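Here's the structure, in structure tokens; my notes come after.
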Protein chains: 2
Amino acid sequence: MGEILSAGSIEGVVRKDVPERVISRLPIYLQTVETIAATGQTTVSSETLATRSGVSPSILRKDLSQLGRPGRRGVGYSCQDLAATLRSFLGLDRAQNVAIIGAGRLGSALADYAGFRGRGLRLSAIFDIDAAKIGTTIGSLTVTDLAELAAWDEDIDLVVMAVPASAAPAAAAIAADAGVRGILNFAPTVLETPDTVRVRQVDLASELQVLAYYSALDSHAGTSEEHSN
Amino acid sequence: MGEILSAGSIEGVVRKDVPERVISRLPIYLQTVETIAATGQTTVSSETLATRSGVSPSILRKDLSQLGRPGRRGVGYSCQDLAATLRSFLGLDRAQNVAIIGAGRLGSALADYAGFRGRGLRLSAIFDIDAAKIGTTIGSLTVTDLAELAAWDEDIDLVVMAVPASAAPAAAAIAADAGVRGILNFAPTVLETPDTVRVRQVDLASELQVLAYYSALDSHAGTSEEHSN
């Protein structure tokens, strides 16, 4: 077997060894360094990059050293090089084709979502199964019958699932059959997919419950202080 | 200072010592155990609970032992007790009042979102600054002027921020002044808030970029196999 120097292998790093919690932070570093570069700055210290990404400098340095980018003491990181490394590592060298499944309120809102722009993601299609929605337009996209996903002109890499929980499993099966590699799931249900399809759950209730924890914690801290005074 | 046995202290566990990555998994365990309990099952093994929550049994056991719930070998967890412990620990003993800021497409879709139901969250209000939207109804809620948030009848615990990036900082400042403790931020911008307000960012582009990584990884694995055959 020859040495492979494709997107799968960067400076000798075996990508499989990088844990998901590290991978999850890389898009944040990428966005931070791109924001900094956009102001005309050419280098950035690990301290600045860490603070603006919401992590500690030691976590940032550890994460980036796993990508073979240890940074240089007193110099920091070249913004351009680091952004290129992160984009390449994340497989964003070419834009990922994204489709939304579900043209209801949430799907329509997501089609409009400004946060996708300039992030290596290309919103290519929006699908639904409702005859009343098929053929209508949302932004620049025409809602298409979900049955046409498999025969779609461009390969769809990633899907945003914005259908009710009851419709999600069937839609996920169609996406998996069509060769989709990842699903960002807004439906409040756990999706079972083949190993070829990675699912990330966006569970808004869970996110709010985590905030509830800290809210209660702070209330308690207040109470505790009153007791001790 | 007396011993405090409020929501802030559970079986001698100091809540502050539990790391955020553990806290982030607790809502998932809660949902899983509630789903299992709803089928009439009274106990659950750590293996089942772990698999259905998408974590390894050793992580689950470690997480729950931090809550003083080590589980019992060969018996597992009582569904009812574990759910009560998780709810109490997360501060969900009483429903958290949630408001949405932003009555545009995304805010309207979120007001409709079925995933909040039965999760200890009470959608209390939806605010906007646009005179054309104020007074209109979304589901059972009337869109209210954001200026009225501070004087709102019920204390708002948590806010879902569904406004454009440019409007988010001002809206966050209003929420912080009104005593809101947590913000779930959909706006694609980093919010600076006082220490009393915790922010969790829902960055859909970052989520998709993490999926892009695994998509590229799998493509590479395929290529690599071809090389070695």
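Ordering of the structure tokens sets the chain letters (A, B, ...); residue numbers start at 1 within each chain; ligands are numbered from 1 in the order shown.
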Checklist entry - Please, which residues of chain A lie no more than 6 Å from chain B when the count uses only C-alpha atoms, and can they be set out as a list in words? => result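 Putting it all together, I get Met1, Gly8, Ser24, Pro27, Leu90, Gly91, Arg105, Leu106, Ala109, Gly115, Phe116, Arg181, Gly182, Pro188, Ala205, Ser206, Val210, Leu211, Ala212, Tyr213, Ser215, Ala216, Leu217, His220, His227 and Ser228 of chain A.
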Would you output that residue set with C-alpha atoms, as a PDB file, in the first residue's frame?
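File written: result38.pdb
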```
ATOM      1  CA  MET A   1       0.000   0.000   0.000  1.00  0.00           C
ATOM      2  CA  GLY A   8      -7.391  11.637   4.712  1.00  0.00           C
ATOM      3  CA  SER A  24     -16.294  19.236  17.368  1.00  0.00           C
ATOM      4  CA  PRO A  27     -15.100  24.298  13.184  1.00  0.00           C
ATOM      5  CA  LEU A  90     -12.488  18.875   7.976  1.00  0.00           C
ATOM      6  CA  GLY A  91     -12.940  17.848   4.331  1.00  0.00           C
ATOM      7  CA  ARG A 105     -41.672  26.109   9.103  1.00  0.00           C
ATOM      8  CA  LEU A 106     -38.352  24.845  10.464  1.00  0.00           C
ATOM      9  CA  ALA A 109     -36.310  28.899   8.280  1.00  0.00           C
ATOM     10  CA  GLY A 115     -24.947  31.075   9.267  1.00  0.00           C
ATOM     11  CA  PHE A 116     -24.201  28.581   6.453  1.00  0.00           C
ATOM     12  CA  ARG A 181     -22.997  10.512   4.563  1.00  0.00           C
ATOM     13  CA  GLY A 182     -24.271  12.649   7.406  1.00  0.00           C
ATOM     14  CA  PRO A 188     -36.903  14.904  18.398  1.00  0.00           C
ATOM     15  CA  ALA A 205     -34.712  20.765  24.801  1.00  0.00           C
ATOM     16  CA  SER A 206     -31.465  19.157  26.004  1.00  0.00           C
ATOM     17  CA  VAL A 210     -28.145  22.226  30.359  1.00  0.00           C
ATOM     18  CA  LEU A 211     -28.774  25.968  30.733  1.00  0.00           C
ATOM     19  CA  ALA A 212     -31.407  25.184  33.375  1.00  0.00           C
ATOM     20  CA  TYR A 213     -28.716  23.380  35.373  1.00  0.00           C
ATOM     21  CA  SER A 215     -29.438  28.701  36.192  1.00  0.00           C
ATOM     22  CA  ALA A 216     -30.360  26.567  39.235  1.00  0.00           C
ATOM     23  CA  LEU A 217     -26.683  26.357  40.241  1.00  0.00           C
ATOM     24  CA  HIS A 220     -28.230  28.067  44.771  1.00  0.00           C
ATOM     25  CA  HIS A 227     -26.907  31.491  54.577  1.00  0.00           C
ATOM     26  CA  SER A 228     -23.275  32.171  55.312  1.00  0.00           C
TER      27      SER A 228
END
```
Item to check | Test item, strand (DSSP E or B) assignment across stretch 28-214 of chain B, answer as a ChimeraX atom specification | outcome: /B:43-44,72,76-78,96-101,121-128,137-138,141-145,158-161,182-185,198-201
Take the residues just selected and output them with N, CA, C and O atoms as a short mmCIF file (atom, residue, chain, number, x, y, z; two decimals), in the first residue's frame.
```cif
data_model
loop_
_atom_site.label_atom_id
_atom_site.label_comp_id
_atom_site.auth_asym_id
_atom_site.auth_seq_id
_atom_site.Cartn_x
_atom_site.Cartn_y
_atom_site.Cartn_z
N THR B 43 -36.99 -0.96 35.86
CA THR B 43 -35.54 -0.85 36.01
C THR B 43 -34.87 -0.93 34.65
O THR B 43 -35.45 -1.42 33.68
N VAL B 44 -33.63 -0.45 34.61
CA VAL B 44 -32.89 -0.48 33.34
C VAL B 44 -31.42 -0.74 33.66
O VAL B 44 -30.88 -0.21 34.65
N ARG B 72 -26.63 -0.56 40.74
CA ARG B 72 -26.26 -1.77 41.49
C ARG B 72 -26.06 -2.93 40.53
O ARG B 72 -26.89 -3.21 39.67
N GLY B 76 -29.20 -2.84 38.14
CA GLY B 76 -29.35 -1.65 37.29
C GLY B 76 -29.95 -0.50 38.06
O GLY B 76 -29.84 -0.43 39.28
N TYR B 77 -30.59 0.38 37.32
CA TYR B 77 -31.15 1.59 37.90
C TYR B 77 -32.67 1.50 37.97
O TYR B 77 -33.30 0.98 37.05
N SER B 78 -33.25 2.02 39.05
CA SER B 78 -34.70 2.23 39.07
C SER B 78 -35.00 3.41 38.15
O SER B 78 -34.46 4.51 38.34
N GLN B 96 -38.99 25.48 33.78
CA GLN B 96 -38.25 26.70 33.45
C GLN B 96 -39.07 27.51 32.45
O GLN B 96 -39.55 26.97 31.45
N ASN B 97 -39.23 28.80 32.74
CA ASN B 97 -39.91 29.69 31.80
C ASN B 97 -38.96 30.08 30.67
O ASN B 97 -37.89 30.63 30.92
N VAL B 98 -39.38 29.77 29.46
CA VAL B 98 -38.56 30.03 28.28
C VAL B 98 -39.25 31.07 27.42
O VAL B 98 -40.47 31.01 27.22
N ALA B 99 -38.49 32.04 26.93
CA ALA B 99 -39.02 32.99 25.95
C ALA B 99 -38.18 32.90 24.68
O ALA B 99 -36.99 32.64 24.73
N ILE B 100 -38.85 33.09 23.55
CA ILE B 100 -38.14 33.20 22.28
C ILE B 100 -38.01 34.68 21.96
O ILE B 100 -38.98 35.42 22.08
N ILE B 101 -36.82 35.10 21.59
CA ILE B 101 -36.64 36.47 21.08
C ILE B 101 -36.43 36.37 19.58
O ILE B 101 -35.48 35.73 19.12
N LEU B 121 -39.80 22.36 30.43
CA LEU B 121 -39.63 23.69 29.84
C LEU B 121 -41.00 24.23 29.48
O LEU B 121 -41.83 23.51 28.93
N ARG B 122 -41.24 25.49 29.79
CA ARG B 122 -42.54 26.09 29.53
C ARG B 122 -42.34 27.30 28.65
O ARG B 122 -41.74 28.29 29.08
N LEU B 123 -42.78 27.21 27.40
CA LEU B 123 -42.64 28.35 26.49
C LEU B 123 -43.65 29.42 26.90
O LEU B 123 -44.85 29.23 26.78
N SER B 124 -43.15 30.55 27.43
CA SER B 124 -44.01 31.54 28.07
C SER B 124 -44.29 32.76 27.21
O SER B 124 -45.27 33.45 27.42
N ALA B 125 -43.38 33.08 26.29
CA ALA B 125 -43.53 34.35 25.56
C ALA B 125 -42.68 34.35 24.32
O ALA B 125 -41.70 33.59 24.22
N ILE B 126 -43.05 35.20 23.37
CA ILE B 126 -42.21 35.43 22.20
C ILE B 126 -42.15 36.94 21.95
O ILE B 126 -43.17 37.62 21.97
N PHE B 127 -40.93 37.44 21.85
CA PHE B 127 -40.70 38.88 21.75
C PHE B 127 -40.09 39.25 20.41
O PHE B 127 -39.39 38.45 19.79
N ASP B 128 -40.35 40.47 19.98
CA ASP B 128 -39.71 41.00 18.78
C ASP B 128 -39.65 42.52 18.92
O ASP B 128 -40.21 43.08 19.87
N THR B 137 -50.22 36.62 16.40
CA THR B 137 -50.14 35.43 17.24
C THR B 137 -49.38 34.31 16.53
O THR B 137 -49.47 34.15 15.31
N ILE B 138 -48.62 33.56 17.32
CA ILE B 138 -47.90 32.37 16.84
C ILE B 138 -48.30 31.25 17.77
O ILE B 138 -47.98 31.29 18.96
N LEU B 141 -49.36 32.01 21.48
CA LEU B 141 -48.66 33.18 22.03
C LEU B 141 -48.85 34.41 21.17
O LEU B 141 -48.92 34.33 19.95
N THR B 142 -48.92 35.57 21.84
CA THR B 142 -48.97 36.84 21.13
C THR B 142 -47.57 37.45 21.13
O THR B 142 -46.93 37.51 22.18
N VAL B 143 -47.12 37.86 19.96
CA VAL B 143 -45.79 38.48 19.87
C VAL B 143 -45.81 39.80 20.63
O VAL B 143 -46.70 40.63 20.42
N THR B 144 -44.84 39.98 21.54
CA THR B 144 -44.82 41.13 22.44
C THR B 144 -43.56 41.96 22.18
O THR B 144 -42.54 41.41 21.77
N ASP B 145 -43.67 43.25 22.43
CA ASP B 145 -42.53 44.16 22.27
C ASP B 145 -41.40 43.74 23.22
O ASP B 145 -41.62 43.57 24.41
N LEU B 158 -34.93 31.39 30.77
CA LEU B 158 -34.08 31.08 29.62
C LEU B 158 -34.64 31.71 28.36
O LEU B 158 -35.86 31.82 28.20
N VAL B 159 -33.75 32.10 27.48
CA VAL B 159 -34.15 32.72 26.22
C VAL B 159 -33.58 31.94 25.05
O VAL B 159 -32.43 31.48 25.10
N VAL B 160 -34.38 31.76 24.02
CA VAL B 160 -33.90 31.24 22.75
C VAL B 160 -33.76 32.44 21.81
O VAL B 160 -34.74 33.12 21.53
N MET B 161 -32.53 32.70 21.39
CA MET B 161 -32.24 33.89 20.59
C MET B 161 -32.33 33.53 19.11
O MET B 161 -31.51 32.78 18.60
N GLY B 182 -29.95 32.19 31.14
CA GLY B 182 -29.31 31.41 30.09
C GLY B 182 -29.87 31.78 28.73
O GLY B 182 -31.04 32.12 28.60
N ILE B 183 -28.99 31.76 27.73
CA ILE B 183 -29.40 32.07 26.36
C ILE B 183 -28.95 30.94 25.44
O ILE B 183 -27.78 30.57 25.42
N LEU B 184 -29.90 30.38 24.70
CA LEU B 184 -29.57 29.43 23.64
C LEU B 184 -29.52 30.24 22.35
O LEU B 184 -30.55 30.71 21.87
N ASN B 185 -28.32 30.41 21.81
CA ASN B 185 -28.12 31.40 20.75
C ASN B 185 -28.03 30.77 19.36
O ASN B 185 -27.07 30.08 19.05
N ARG B 198 -25.44 32.53 31.14
CA ARG B 198 -24.72 31.48 30.42
C ARG B 198 -25.24 31.42 28.98
O ARG B 198 -26.44 31.45 28.77
N VAL B 199 -24.33 31.31 28.03
CA VAL B 199 -24.74 31.22 26.62
C VAL B 199 -24.34 29.86 26.06
O VAL B 199 -23.22 29.39 26.30
N ARG B 200 -25.26 29.20 25.38
CA ARG B 200 -24.90 28.03 24.58
C ARG B 200 -25.19 28.36 23.12
O ARG B 200 -26.27 28.83 22.79
N GLN B 201 -24.20 28.12 22.30
CA GLN B 201 -24.28 28.48 20.89
C GLN B 201 -24.82 27.28 20.11
O GLN B 201 -24.31 26.17 20.27
#
```
Checklist entry - Can you tell me how far atom CA of A:Gly68 sits from atom CA of A:Ser46, in Å to one decimal? => result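 If I compute the distance from atom CA of A:Gly68 to atom CA of A:Ser46, I get 14.6 Å.
Taking atom CA of A:Asp130 and atom CA of A:Ala162 as the two end points, the separation is 13.4 Å.
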Item to check | Residue among B:Ser65, B:Glu192, B:Leu149, B:Cys79 lying closest to B:Pro169, counting only C-alpha atoms | outcome: B:Glu192
Next on the checklist: Quick check, in Å to one decimal: how far apart do atom CA of A:Ala172 and atom CA of B:Ile59 lie?
Outcome noted: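 Rounded to one decimal, the two atoms are 27.8 Å apart.
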Next on the checklist: I'd like the contact shell of B:Ser56 - 12 Å cut-off, only C-alpha atoms, skipping same-chain residues fewer than 6 positions apart - returned as a list in words.
Outcome noted: Arg25, Ser46, Glu47, Thr48, Leu49, Ala50, Lys62 and Asp63 of chain B
Checklist entry - stretch 20-207 of chain B: which residues are helix (DSSP H, G or I) by DSSP, as a VMD selection string? => result chain B and resid 20 to 38 46 to 53 57 to 65 79 to 89 105 to 111 114 to 116 146 to 148 168 to 177 204 to 207
Next on the checklist: Under the rule that only C-alpha atoms are counted, which of B:Gly139, B:Leu67, B:Ile156, B:Val33 is the nearest residue to B:Thr51?
Outcome noted: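 Looking at the shortest contact to B:Thr51, the residue is B:Val33.
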